[in-house]
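Written out below as structure tokens is the structure these notes cover.
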Amino acid sequence: MPAEVLNDPPGISCVFSDGRRLKMMLGDTACAHLARDLLTGLAELVHPHGTVDSAGSVQHYVRALRGMDSALAGRGFAGGATDLRRAQVAEFWMGTTGAREACTRRMLLGFTAAGGALDARVRELAEG
């Protein structure tokens with residue numbers, strides 16, 4: 001069973017290759033639309049679609065998601081991944097850890113793999 005994005009409250013439910021399960025709720029988010037889009041991207045990265053295959057890894061991605069959500073909201077952002085602009089994303093990545101940058105890059109690309117749209121310049125930046 002692939003990972004599933006949960007709506008109310010926002011979260012993710014996963015079943016890993018060893019049969020273990022994780023249900024993780026985000027709680028309150030500052031940018032609910034962005035958080036949902038990043039969760040959608042994360043779901044694409046979880047086994048069997050991707051290589052994320054443990055609760056610890058999912059928790060690591062969720063910490064990165066919360067960091068991006070909080071930082072962008074603190075700068076007045078209130079949209080979803082589609083509304084992100086290159087300068088906003090670059091500023092966040094320059095001011096965060098390498099691990100959070102890598103996780104949020106992958107979630108944004110996972111969002112596009114799931115059918116979501118990013119600004120062409122944001123996608124180019126995410127692709128490296």
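Order determines the names: the first chain of the structure tokens is A, the second B, and so forth; residues in each chain are numbered 1 upward, and ligands are numbered 1 upward as they are shown.
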
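The shell of residues at most 7 Å from region 119-125 of chain A, with only C-alpha atoms counted and near chain neighbours (fewer than 3 positions) removed, consists of A:Thr82, A:Leu84, A:Arg85, A:Arg86, A:Gly128.
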
For the residues selected in the previous step, produce a file with all heavy atoms as a tab-separated table (two decimals), in the first residue's frame.
chain	number	residue	atom	x	y	z
A	82	THR	N	2.50	25.63	-5.83
A	82	THR	CA	2.34	26.27	-7.14
A	82	THR	C	2.62	27.77	-7.05
A	82	THR	O	3.06	28.37	-8.03
A	82	THR	CB	0.91	26.02	-7.66
A	82	THR	OG1	0.69	24.62	-7.71
A	82	THR	CG2	0.69	26.62	-9.01
A	84	LEU	N	4.85	29.24	-5.06
A	84	LEU	CA	6.23	29.55	-4.68
A	84	LEU	C	6.97	30.21	-5.82
A	84	LEU	O	6.76	29.89	-6.99
A	84	LEU	CB	6.97	28.28	-4.28
A	84	LEU	CG	6.57	27.63	-2.96
A	84	LEU	CD1	7.21	26.25	-2.84
A	84	LEU	CD2	6.97	28.52	-1.79
A	85	ARG	N	7.85	31.12	-5.47
A	85	ARG	CA	8.71	31.76	-6.45
A	85	ARG	C	10.17	31.44	-6.13
A	85	ARG	O	10.53	31.16	-4.98
A	85	ARG	CB	8.48	33.28	-6.46
A	85	ARG	CG	7.08	33.66	-6.92
A	85	ARG	CD	6.83	33.21	-8.37
A	85	ARG	NE	5.44	33.30	-8.77
A	85	ARG	CZ	4.67	32.24	-9.01
A	85	ARG	NH1	5.12	31.03	-8.89
A	85	ARG	NH2	3.42	32.39	-9.39
A	86	ARG	N	10.98	31.47	-7.15
A	86	ARG	CA	12.38	31.08	-7.03
A	86	ARG	C	13.10	31.80	-5.88
A	86	ARG	O	13.82	31.17	-5.11
A	86	ARG	CB	13.09	31.33	-8.36
A	86	ARG	CG	14.54	30.89	-8.37
A	86	ARG	CD	15.18	31.21	-9.72
A	86	ARG	NE	16.57	30.82	-9.73
A	86	ARG	CZ	17.04	29.73	-10.31
A	86	ARG	NH1	16.23	28.91	-10.95
A	86	ARG	NH2	18.33	29.46	-10.28
A	128	GLY	N	18.22	21.26	-9.32
A	128	GLY	CA	19.65	21.46	-9.12
A	128	GLY	C	20.32	22.01	-10.32
A	128	GLY	O	21.46	21.98	-10.56

Region 21-115 of chain A: which residues are alpha helix (DSSP H) by DSSP, as an MDAnalysis selection string? chainID A and resid 32:45 55:74 86:94 98:113

List the spatial neighbours of Ala55 (chain A) as a PyMOL selection string - criterion: any atom at most 8 Å away, only C-alpha atoms, same-chain residues fewer than 3 positions off excluded. chain A and resi 21-22+58-59

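Distances to Met107 (chain A) were evaluated for A:Asp18, A:Gly11, A:Val62, A:Lys23 using only C-alpha atoms, and the minimum falls at A:Val62.
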
So that I can check the surroundings of His60 (chain A), please list as an NGL selection string every protein, DNA and RNA residue that reaches within 12 Å of it, counting only C-alpha atoms and ignoring chain neighbours fewer than 2 positions away. :A and (24 or 42 or 52-58 or 62-67 or 99-104 or 107)
